[in-house]
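Chemist: My structure is stored as final_32.pdb, with PDB, C-alpha atoms.
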```pdb
ATOM      1  CA  MET A   1      15.685 -32.590   3.106
ATOM      2  CA  THR A   2      14.125 -35.739   4.534
ATOM      3  CA  ILE A   3      10.355 -35.767   5.013
ATOM      4  CA  THR A   4       9.022 -37.973   7.790
ATOM      5  CA  ALA A   5       5.385 -36.843   8.117
ATOM      6  CA  LYS A   6       2.566 -38.587   6.295
ATOM      7  CA  ALA A   7       1.268 -36.924   3.164
ATOM      8  CA  THR A   8      -2.199 -35.655   4.030
ATOM      9  CA  ALA A   9      -3.332 -33.254   1.324
ATOM     10  CA  THR A  10      -5.823 -34.474  -1.279
ATOM     11  CA  PRO A  11      -4.750 -33.118  -4.665
ATOM     12  CA  SER A  12      -7.036 -30.574  -6.307
ATOM     13  CA  TYR A  13      -6.749 -29.609  -9.957
ATOM     14  CA  ARG A  14      -7.694 -26.660 -12.095
ATOM     15  CA  ARG A  15      -7.016 -25.768 -15.724
ATOM     16  CA  ALA A  16      -5.408 -22.550 -16.866
ATOM     17  CA  TYR A  17      -3.268 -20.936 -19.552
ATOM     18  CA  VAL A  18       0.144 -19.597 -18.547
ATOM     19  CA  GLN A  19       3.242 -18.300 -20.267
ATOM     20  CA  PRO A  20       6.072 -20.864 -20.543
ATOM     21  CA  ARG A  21       8.377 -18.507 -18.626
ATOM     22  CA  GLU A  22       6.035 -18.778 -15.618
ATOM     23  CA  ILE A  23       6.784 -22.508 -15.291
ATOM     24  CA  THR A  24       9.773 -23.534 -13.176
ATOM     25  CA  ARG A  25      11.908 -26.543 -14.075
ATOM     26  CA  ASP A  26      13.078 -27.690 -10.653
ATOM     27  CA  PRO A  27      15.809 -30.383 -10.787
ATOM     28  CA  ALA A  28      14.280 -31.982  -7.678
ATOM     29  CA  PHE A  29      11.194 -32.829  -9.752
ATOM     30  CA  THR A  30      12.925 -33.596 -13.048
ATOM     31  CA  VAL A  31      12.418 -37.258 -13.824
ATOM     32  CA  ARG A  32      13.921 -37.719 -17.275
ATOM     33  CA  ASP A  33      16.385 -36.108 -19.656
ATOM     34  CA  ILE A  34      15.157 -34.161 -22.663
ATOM     35  CA  ARG A  35      15.132 -36.254 -25.850
ATOM     36  CA  GLU A  36      15.328 -33.949 -28.832
ATOM     37  CA  ASP A  37      13.802 -36.440 -31.254
ATOM     38  CA  HIS A  38      10.657 -36.561 -29.111
ATOM     39  CA  VAL A  39      10.554 -32.747 -28.917
ATOM     40  CA  ARG A  40      10.699 -32.588 -32.729
ATOM     41  CA  THR A  41       7.849 -35.097 -33.004
ATOM     42  CA  LEU A  42       5.696 -33.069 -30.620
ATOM     43  CA  TYR A  43       6.575 -29.815 -32.355
ATOM     44  CA  ALA A  44       5.406 -31.287 -35.675
ATOM     45  CA  ALA A  45       2.150 -32.348 -34.010
ATOM     46  CA  LEU A  46       1.787 -28.862 -32.546
ATOM     47  CA  ARG A  47       2.165 -27.249 -35.956
ATOM     48  CA  ASN A  48      -0.497 -29.555 -37.387
ATOM     49  CA  SER A  49      -3.059 -29.391 -34.579
ATOM     50  CA  GLY A  50      -2.302 -26.031 -32.956
ATOM     51  CA  ARG A  51      -2.154 -27.434 -29.413
ATOM     52  CA  LEU A  52      -0.938 -30.333 -27.297
ATOM     53  CA  ASP A  53      -2.119 -31.916 -24.069
ATOM     54  CA  PRO A  54      -1.812 -29.729 -20.947
ATOM     55  CA  VAL A  55       1.384 -30.031 -18.926
ATOM     56  CA  LEU A  56       1.088 -30.797 -15.212
ATOM     57  CA  VAL A  57       2.455 -28.187 -12.806
ATOM     58  CA  TRP A  58       2.499 -28.056  -9.026
ATOM     59  CA  GLU A  59       1.418 -24.904  -7.211
ATOM     60  CA  ASP A  60       4.334 -24.700  -4.768
ATOM     61  CA  LEU A  61       3.103 -22.742  -1.748
ATOM     62  CA  ARG A  62       5.946 -23.622   0.625
ATOM     63  CA  ASP A  63       7.428 -20.134   0.490
ATOM     64  CA  PRO A  64       4.766 -17.367   0.510
ATOM     65  CA  ASP A  65       7.343 -14.910  -0.840
ATOM     66  CA  ARG A  66       8.284 -17.162  -3.760
ATOM     67  CA  LEU A  67       5.222 -18.849  -5.186
ATOM     68  CA  ARG A  68       6.042 -21.119  -8.099
ATOM     69  CA  LEU A  69       4.448 -23.333 -10.729
ATOM     70  CA  VAL A  70       6.790 -26.329 -10.795
ATOM     71  CA  LEU A  71       6.751 -28.647 -13.801
ATOM     72  CA  LEU A  72       5.857 -32.226 -12.818
ATOM     73  CA  ASP A  73       5.090 -33.768 -16.192
ATOM     74  CA  GLY A  74       5.290 -32.584 -19.787
ATOM     75  CA  GLN A  75       8.790 -31.203 -20.240
ATOM     76  CA  HIS A  76       8.885 -32.392 -23.860
ATOM     77  CA  ILE A  77       5.551 -30.689 -24.520
ATOM     78  CA  LEU A  78       6.822 -27.520 -22.853
ATOM     79  CA  ALA A  79       9.969 -27.623 -25.014
ATOM     80  CA  ALA A  80       7.824 -27.979 -28.138
ATOM     81  CA  TYR A  81       5.811 -24.884 -27.166
ATOM     82  CA  GLU A  82       9.041 -22.996 -26.509
ATOM     83  CA  ASN A  83      10.296 -23.964 -29.975
ATOM     84  CA  GLN A  84       7.066 -22.654 -31.455
ATOM     85  CA  ARG A  85       7.440 -19.372 -29.619
ATOM     86  CA  ARG A  86      11.026 -18.898 -30.823
ATOM     87  CA  LYS A  87      10.041 -19.559 -34.415
ATOM     88  CA  THR A  88       6.774 -17.595 -34.539
ATOM     89  CA  LYS A  89       7.657 -14.822 -32.037
ATOM     90  CA  VAL A  90       4.076 -15.094 -30.745
ATOM     91  CA  ALA A  91       3.794 -15.095 -26.936
ATOM     92  CA  LYS A  92       0.727 -17.260 -26.364
ATOM     93  CA  GLY A  93      -0.207 -18.963 -23.135
ATOM     94  CA  ILE A  94      -0.076 -22.747 -23.055
ATOM     95  CA  PRO A  95      -2.621 -25.111 -21.435
ATOM     96  CA  VAL A  96      -1.679 -26.441 -18.002
ATOM     97  CA  ARG A  97      -3.245 -28.469 -15.213
ATOM     98  CA  ILE A  98      -2.341 -26.906 -11.884
ATOM     99  CA  VAL A  99      -2.321 -29.273  -8.928
ATOM    100  CA  THR A 100      -2.436 -28.067  -5.340
ATOM    101  CA  CYS A 101      -1.076 -30.624  -2.865
ATOM    102  CA  ASP A 102       1.724 -31.305  -0.382
ATOM    103  CA  GLU A 103       5.342 -31.859  -1.448
ATOM    104  CA  ILE A 104       5.353 -35.646  -1.092
ATOM    105  CA  THR A 105       2.230 -35.947  -3.224
ATOM    106  CA  ALA A 106       3.829 -33.694  -5.846
ATOM    107  CA  HIS A 107       6.838 -36.024  -6.042
ATOM    108  CA  ARG A 108       4.543 -39.039  -6.304
ATOM    109  CA  LEU A 109       2.529 -37.437  -9.107
ATOM    110  CA  ALA A 110       5.739 -36.732 -11.031
ATOM    111  CA  ALA A 111       6.764 -40.353 -10.545
ATOM    112  CA  GLN A 112       3.402 -41.821 -11.493
ATOM    113  CA  ARG A 113       2.903 -39.705 -14.592
ATOM    114  CA  ASN A 114       6.382 -40.299 -15.970
ATOM    115  CA  SER A 115       6.660 -44.001 -15.144
ATOM    116  CA  ARG A 116       3.445 -44.588 -17.128
ATOM    117  CA  ASP A 117       4.292 -42.252 -19.983
ATOM    118  CA  LYS A 118       4.240 -43.495 -23.585
ATOM    119  CA  LEU A 119       7.922 -42.549 -23.817
ATOM    120  CA  PRO A 120       9.476 -45.154 -21.487
ATOM    121  CA  LEU A 121      11.900 -44.206 -18.753
ATOM    122  CA  THR A 122      15.423 -45.521 -19.134
ATOM    123  CA  PHE A 123      16.569 -47.957 -16.471
ATOM    124  CA  ALA A 124      18.800 -45.304 -14.883
ATOM    125  CA  GLU A 125      15.933 -42.774 -14.805
ATOM    126  CA  LYS A 126      13.678 -45.334 -13.112
ATOM    127  CA  MET A 127      16.315 -46.105 -10.476
ATOM    128  CA  ASN A 128      16.954 -42.416  -9.773
ATOM    129  CA  LEU A 129      13.216 -41.796  -9.460
ATOM    130  CA  ALA A 130      12.784 -44.588  -6.915
ATOM    131  CA  TRP A 131      15.874 -43.422  -5.020
ATOM    132  CA  ARG A 132      14.465 -39.888  -4.808
ATOM    133  CA  LEU A 133      11.197 -41.106  -3.294
ATOM    134  CA  VAL A 134      13.000 -43.410  -0.868
ATOM    135  CA  TRP A 135      15.257 -40.607   0.305
ATOM    136  CA  LEU A 136      12.597 -37.916   0.596
ATOM    137  CA  ALA A 137       9.723 -39.888   2.027
ATOM    138  CA  ASP A 138      10.928 -43.242   3.313
ATOM    139  CA  ALA A 139       8.800 -43.055   6.469
ATOM    140  CA  ALA A 140       5.816 -41.526   4.671
ATOM    141  CA  LEU A 141       5.505 -44.088   1.873
ATOM    142  CA  SER A 142       5.264 -47.869   1.976
ATOM    143  CA  LYS A 143       7.469 -50.095  -0.139
ATOM    144  CA  ALA A 144       4.399 -50.914  -2.229
ATOM    145  CA  ASP A 145       3.763 -47.190  -2.797
ATOM    146  CA  ILE A 146       7.251 -46.642  -4.191
ATOM    147  CA  VAL A 147       7.166 -49.810  -6.302
ATOM    148  CA  GLY A 148       3.783 -48.809  -7.719
ATOM    149  CA  ASP A 149       4.811 -45.222  -8.426
ATOM    150  CA  THR A 150       8.106 -45.964 -10.171
ATOM    151  CA  GLY A 151       8.080 -49.530 -11.486
ATOM    152  CA  ALA A 152      11.225 -50.404  -9.523
ATOM    153  CA  SER A 153      11.303 -53.826  -7.867
ATOM    154  CA  ARG A 154      10.677 -54.500  -4.180
ATOM    155  CA  THR A 155      14.252 -55.789  -3.866
ATOM    156  CA  THR A 156      15.635 -52.558  -5.303
ATOM    157  CA  VAL A 157      13.522 -50.414  -2.972
ATOM    158  CA  HIS A 158      14.607 -52.566  -0.009
ATOM    159  CA  ASN A 159      18.274 -52.057  -0.942
ATOM    160  CA  MET A 160      17.709 -48.312  -1.344
ATOM    161  CA  ARG A 161      16.155 -48.074   2.117
ATOM    162  CA  GLN A 162      19.109 -49.863   3.657
ATOM    163  CA  ARG A 163      21.494 -47.555   1.814
ATOM    164  CA  ARG A 164      19.535 -44.503   2.967
ATOM    165  CA  ARG A 165      19.887 -45.532   6.605
ATOM    166  CA  ALA A 166      23.617 -46.124   6.164
ATOM    167  CA  MET A 167      24.136 -42.720   4.521
ATOM    168  CA  ILE A 168      22.165 -40.908   7.236
ATOM    169  CA  ALA A 169      24.243 -42.651   9.910
ATOM    170  CA  ALA A 170      27.403 -41.571   8.093
ATOM    171  CA  GLY A 171      26.152 -37.986   7.661
ATOM    172  CA  LYS A 172      26.156 -38.204   3.876
ATOM    173  CA  GLN A 173      23.832 -36.410   1.471
ATOM    174  CA  PRO A 174      22.585 -38.035  -1.745
ATOM    175  CA  THR A 175      23.723 -36.914  -5.174
ATOM    176  CA  GLY A 176      20.367 -37.886  -6.652
ATOM    177  CA  GLU A 177      21.921 -40.584  -8.842
ATOM    178  CA  TRP A 178      21.497 -44.114  -7.515
ATOM    179  CA  TRP A 179      24.599 -45.509  -9.206
ATOM    180  CA  ARG A 180      26.697 -42.893  -7.397
ATOM    181  CA  ASP A 181      25.003 -43.241  -4.018
ATOM    182  CA  ALA A 182      24.709 -47.041  -3.969
ATOM    183  CA  LYS A 183      28.244 -47.554  -2.675
ATOM    184  CA  ASP A 184      30.662 -45.751  -0.359
ATOM    185  CA  THR A 185      33.168 -45.431  -3.197
ATOM    186  CA  PRO A 186      31.259 -44.725  -6.415
ATOM    187  CA  PRO A 187      32.597 -46.468  -9.537
ATOM    188  CA  GLU A 188      34.034 -44.349 -12.314
ATOM    189  CA  GLN A 189      31.334 -45.628 -14.653
ATOM    190  CA  PRO A 190      27.720 -46.473 -13.787
ATOM    191  CA  GLU A 191      27.498 -49.716 -15.723
ATOM    192  CA  GLU A 192      28.606 -52.040 -12.918
ATOM    193  CA  THR A 193      26.156 -50.729 -10.329
ATOM    194  CA  ASP A 194      23.352 -50.506 -12.868
ATOM    195  CA  MET A 195      23.955 -54.111 -13.856
ATOM    196  CA  GLU A 196      23.867 -55.282 -10.246
ATOM    197  CA  ALA A 197      20.581 -53.457  -9.679
ATOM    198  CA  ARG A 198      19.198 -54.826 -12.942
ATOM    199  CA  ILE A 199      20.110 -58.390 -11.959
ATOM    200  CA  ALA A 200      18.397 -57.888  -8.580
ATOM    201  CA  GLU A 201      15.305 -56.499 -10.286
ATOM    202  CA  LEU A 202      15.107 -59.384 -12.773
ATOM    203  CA  ALA A 203      15.617 -61.909  -9.995
ATOM    204  CA  ASP A 204      12.831 -60.288  -7.995
ATOM    205  CA  THR A 205      10.536 -60.381 -11.019
ATOM    206  CA  LEU A 206      11.264 -64.051 -11.706
TER
END
```
Render the structure in this file as structure tokens.

Modeler:
Amino acid sequence: MTITAKATATPSYRRAYVQPREITRDPAFTVRDIREDHVRTLYAALRNSGRLDPVLVWEDLRDPDRLRLVLLDGQHILAAYENQRRKTKVAKGIPVRIVTCDEITAHRLAAQRNSRDKLPLTFAEKMNLAWRLVWLADAALSKADIVGDTGASRTTVHNMRQRRRAMIAAGKQPTGEWWRDAKDTPPEQPEETDMEARIAELADTL
């Protein structure tokens, strides 16, 4: 779905404890892949300290009949808590920060939190994140907004906007992966497209 209206809601936050099963992992808001080595590191910290930082979840109120708490940031922390629950068999609530806001702001918060995380995004994850914001909210966000939220270059965002317009004109829907969507005929492997985007980003930086 393409969002054209301006994001208007000011985010509000509250703290709570919820069961891990109450948190929804929505692929539309998933920024990075799970890295098991990082989960193990966090699980060890959890065993030593007894708790980790709160995860960030979005109170999704779009469907009154299907209210959800959607994970925006902290999937490695959530996985560590789930490991603890499997091993200890103790069903304890985990600390969360619940944000209430509009959908565009929720996507931006996911982008901002993960692009500044201590565990860096891979280049492909960064490109997919920028592509998601361009596709969902091209008219609602400036180029500077998207660059600031994701760390992608202005050249890359410009190319993504052009590609978005071409795909809409052709009646095509995005796959969510920039290397697949960047061309009419996706390459069998992502390296070529990733390299072209990387060269453009480095050139823009220089």

Chemist: Just the number, please: distance in Å from CA of Ala137 in chain A to CA of Thr155 in chain A, one decimal.

Modeler: 17.6 Å

Chemist: If we count all atoms listed in the file, what is near range 61-74 of chain A at a cut-off of 8 Å, once residues fewer than 2 positions away on the same chain are taken out, given as an MDAnalysis selection string?

Modeler: chainID A and resid 22:26 29:30 54:59 76:78 98 106:107 109:110 113:114

Chemist: I'd like to see the residues matched by the PyMOL selection byres ((chain A and resi 101) around 8) on this file, and ideally I'd get them as a list of chain:residue names.

Modeler: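 Checking the PyMOL selection byres ((chain A and resi 101) around 8) against this file, the residues are A:Ala9, A:Thr10, A:Pro11, A:Ser12, A:Trp58, A:Glu59, A:Val99, A:Thr100, A:Asp102, A:Glu103, A:Thr105, A:Ala106.
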
Chemist: Counting only C-alpha atoms, which residue out of A:Ile94, A:Leu129, A:Leu136, A:Ala28 sits closest to Gly148 in chain A?

Modeler: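 Selected residue with least distance to Gly148 in chain A: A:Leu129.
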
Chemist: Let me make sure I understand: among A:Arg35, A:Lys87, A:Arg51, A:Arg14, which one has the smallest atom-to-atom distance to Thr122 in chain A if we use all atoms listed in the file?

Modeler: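 The closest residue to Thr122 in chain A is A:Arg35.
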
Chemist: Can you sort out range 57-78 of chain A so it carries N, CA, C and O atoms, written as a PDB file, in the frame of the given file?

Modeler:
```pdb
ATOM      1  N   VAL A  57       1.586 -29.016 -13.645  1.00  0.00           N
ATOM      2  CA  VAL A  57       2.455 -28.187 -12.806  1.00  0.00           C
ATOM      3  C   VAL A  57       1.926 -28.189 -11.379  1.00  0.00           C
ATOM      4  O   VAL A  57       0.723 -28.299 -11.142  1.00  0.00           O
ATOM      5  N   TRP A  58       2.838 -28.078 -10.452  1.00  0.00           N
ATOM      6  CA  TRP A  58       2.499 -28.056  -9.026  1.00  0.00           C
ATOM      7  C   TRP A  58       2.529 -26.631  -8.518  1.00  0.00           C
ATOM      8  O   TRP A  58       3.497 -25.901  -8.740  1.00  0.00           O
ATOM      9  N   GLU A  59       1.461 -26.220  -7.835  1.00  0.00           N
ATOM     10  CA  GLU A  59       1.418 -24.904  -7.211  1.00  0.00           C
ATOM     11  C   GLU A  59       2.185 -24.993  -5.884  1.00  0.00           C
ATOM     12  O   GLU A  59       1.642 -25.430  -4.863  1.00  0.00           O
ATOM     13  N   ASP A  60       3.436 -24.590  -5.925  1.00  0.00           N
ATOM     14  CA  ASP A  60       4.334 -24.700  -4.768  1.00  0.00           C
ATOM     15  C   ASP A  60       4.096 -23.515  -3.838  1.00  0.00           C
ATOM     16  O   ASP A  60       4.494 -22.384  -4.131  1.00  0.00           O
ATOM     17  N   LEU A  61       3.462 -23.793  -2.707  1.00  0.00           N
ATOM     18  CA  LEU A  61       3.103 -22.742  -1.748  1.00  0.00           C
ATOM     19  C   LEU A  61       3.989 -22.771  -0.507  1.00  0.00           C
ATOM     20  O   LEU A  61       3.658 -22.131   0.501  1.00  0.00           O
ATOM     21  N   ARG A  62       5.115 -23.481  -0.567  1.00  0.00           N
ATOM     22  CA  ARG A  62       5.946 -23.622   0.625  1.00  0.00           C
ATOM     23  C   ARG A  62       6.533 -22.306   1.085  1.00  0.00           C
ATOM     24  O   ARG A  62       6.695 -22.068   2.283  1.00  0.00           O
ATOM     25  N   ASP A  63       6.864 -21.434   0.150  1.00  0.00           N
ATOM     26  CA  ASP A  63       7.428 -20.134   0.490  1.00  0.00           C
ATOM     27  C   ASP A  63       6.465 -19.050   0.012  1.00  0.00           C
ATOM     28  O   ASP A  63       6.368 -18.802  -1.196  1.00  0.00           O
ATOM     29  N   PRO A  64       5.751 -18.386   0.921  1.00  0.00           N
ATOM     30  CA  PRO A  64       4.766 -17.367   0.510  1.00  0.00           C
ATOM     31  C   PRO A  64       5.382 -16.225  -0.289  1.00  0.00           C
ATOM     32  O   PRO A  64       4.685 -15.553  -1.054  1.00  0.00           O
ATOM     33  N   ASP A  65       6.676 -15.999  -0.120  1.00  0.00           N
ATOM     34  CA  ASP A  65       7.343 -14.910  -0.840  1.00  0.00           C
ATOM     35  C   ASP A  65       7.879 -15.356  -2.193  1.00  0.00           C
ATOM     36  O   ASP A  65       8.452 -14.549  -2.932  1.00  0.00           O
ATOM     37  N   ARG A  66       7.734 -16.649  -2.498  1.00  0.00           N
ATOM     38  CA  ARG A  66       8.284 -17.162  -3.760  1.00  0.00           C
ATOM     39  C   ARG A  66       7.372 -18.269  -4.295  1.00  0.00           C
ATOM     40  O   ARG A  66       7.747 -19.432  -4.346  1.00  0.00           O
ATOM     41  N   LEU A  67       6.168 -17.887  -4.647  1.00  0.00           N
ATOM     42  CA  LEU A  67       5.222 -18.849  -5.186  1.00  0.00           C
ATOM     43  C   LEU A  67       5.673 -19.289  -6.580  1.00  0.00           C
ATOM     44  O   LEU A  67       6.104 -18.469  -7.392  1.00  0.00           O
ATOM     45  N   ARG A  68       5.544 -20.595  -6.831  1.00  0.00           N
ATOM     46  CA  ARG A  68       6.042 -21.119  -8.099  1.00  0.00           C
ATOM     47  C   ARG A  68       5.052 -22.115  -8.689  1.00  0.00           C
ATOM     48  O   ARG A  68       4.289 -22.753  -7.978  1.00  0.00           O
ATOM     49  N   LEU A  69       5.109 -22.248 -10.012  1.00  0.00           N
ATOM     50  CA  LEU A  69       4.448 -23.333 -10.729  1.00  0.00           C
ATOM     51  C   LEU A  69       5.562 -24.259 -11.201  1.00  0.00           C
ATOM     52  O   LEU A  69       6.302 -23.938 -12.125  1.00  0.00           O
ATOM     53  N   VAL A  70       5.685 -25.410 -10.537  1.00  0.00           N
ATOM     54  CA  VAL A  70       6.790 -26.329 -10.795  1.00  0.00           C
ATOM     55  C   VAL A  70       6.329 -27.426 -11.751  1.00  0.00           C
ATOM     56  O   VAL A  70       5.310 -28.082 -11.517  1.00  0.00           O
ATOM     57  N   LEU A  71       7.090 -27.632 -12.808  1.00  0.00           N
ATOM     58  CA  LEU A  71       6.751 -28.647 -13.801  1.00  0.00           C
ATOM     59  C   LEU A  71       6.898 -30.048 -13.213  1.00  0.00           C
ATOM     60  O   LEU A  71       7.971 -30.410 -12.718  1.00  0.00           O
ATOM     61  N   LEU A  72       5.819 -30.834 -13.269  1.00  0.00           N
ATOM     62  CA  LEU A  72       5.857 -32.226 -12.818  1.00  0.00           C
ATOM     63  C   LEU A  72       5.874 -33.197 -13.985  1.00  0.00           C
ATOM     64  O   LEU A  72       6.509 -34.246 -13.920  1.00  0.00           O
ATOM     65  N   ASP A  73       5.169 -32.876 -15.039  1.00  0.00           N
ATOM     66  CA  ASP A  73       5.090 -33.768 -16.192  1.00  0.00           C
ATOM     67  C   ASP A  73       4.797 -32.952 -17.438  1.00  0.00           C
ATOM     68  O   ASP A  73       3.940 -32.062 -17.421  1.00  0.00           O
ATOM     69  N   GLY A  74       5.528 -33.263 -18.516  1.00  0.00           N
ATOM     70  CA  GLY A  74       5.290 -32.584 -19.787  1.00  0.00           C
ATOM     71  C   GLY A  74       6.446 -31.729 -20.250  1.00  0.00           C
ATOM     72  O   GLY A  74       6.235 -30.776 -21.009  1.00  0.00           O
ATOM     73  N   GLN A  75       7.672 -32.064 -19.847  1.00  0.00           N
ATOM     74  CA  GLN A  75       8.790 -31.203 -20.240  1.00  0.00           C
ATOM     75  C   GLN A  75       9.047 -31.243 -21.746  1.00  0.00           C
ATOM     76  O   GLN A  75       9.479 -30.239 -22.328  1.00  0.00           O
ATOM     77  N   HIS A  76       8.729 -32.360 -22.405  1.00  0.00           N
ATOM     78  CA  HIS A  76       8.885 -32.392 -23.860  1.00  0.00           C
ATOM     79  C   HIS A  76       7.818 -31.532 -24.540  1.00  0.00           C
ATOM     80  O   HIS A  76       8.100 -30.859 -25.544  1.00  0.00           O
ATOM     81  N   ILE A  77       6.610 -31.550 -23.990  1.00  0.00           N
ATOM     82  CA  ILE A  77       5.551 -30.689 -24.520  1.00  0.00           C
ATOM     83  C   ILE A  77       5.916 -29.221 -24.317  1.00  0.00           C
ATOM     84  O   ILE A  77       5.764 -28.391 -25.230  1.00  0.00           O
ATOM     85  N   LEU A  78       6.416 -28.897 -23.131  1.00  0.00           N
ATOM     86  CA  LEU A  78       6.822 -27.520 -22.853  1.00  0.00           C
ATOM     87  C   LEU A  78       7.925 -27.085 -23.810  1.00  0.00           C
ATOM     88  O   LEU A  78       7.900 -25.954 -24.331  1.00  0.00           O
TER      89      LEU A  78
END
```
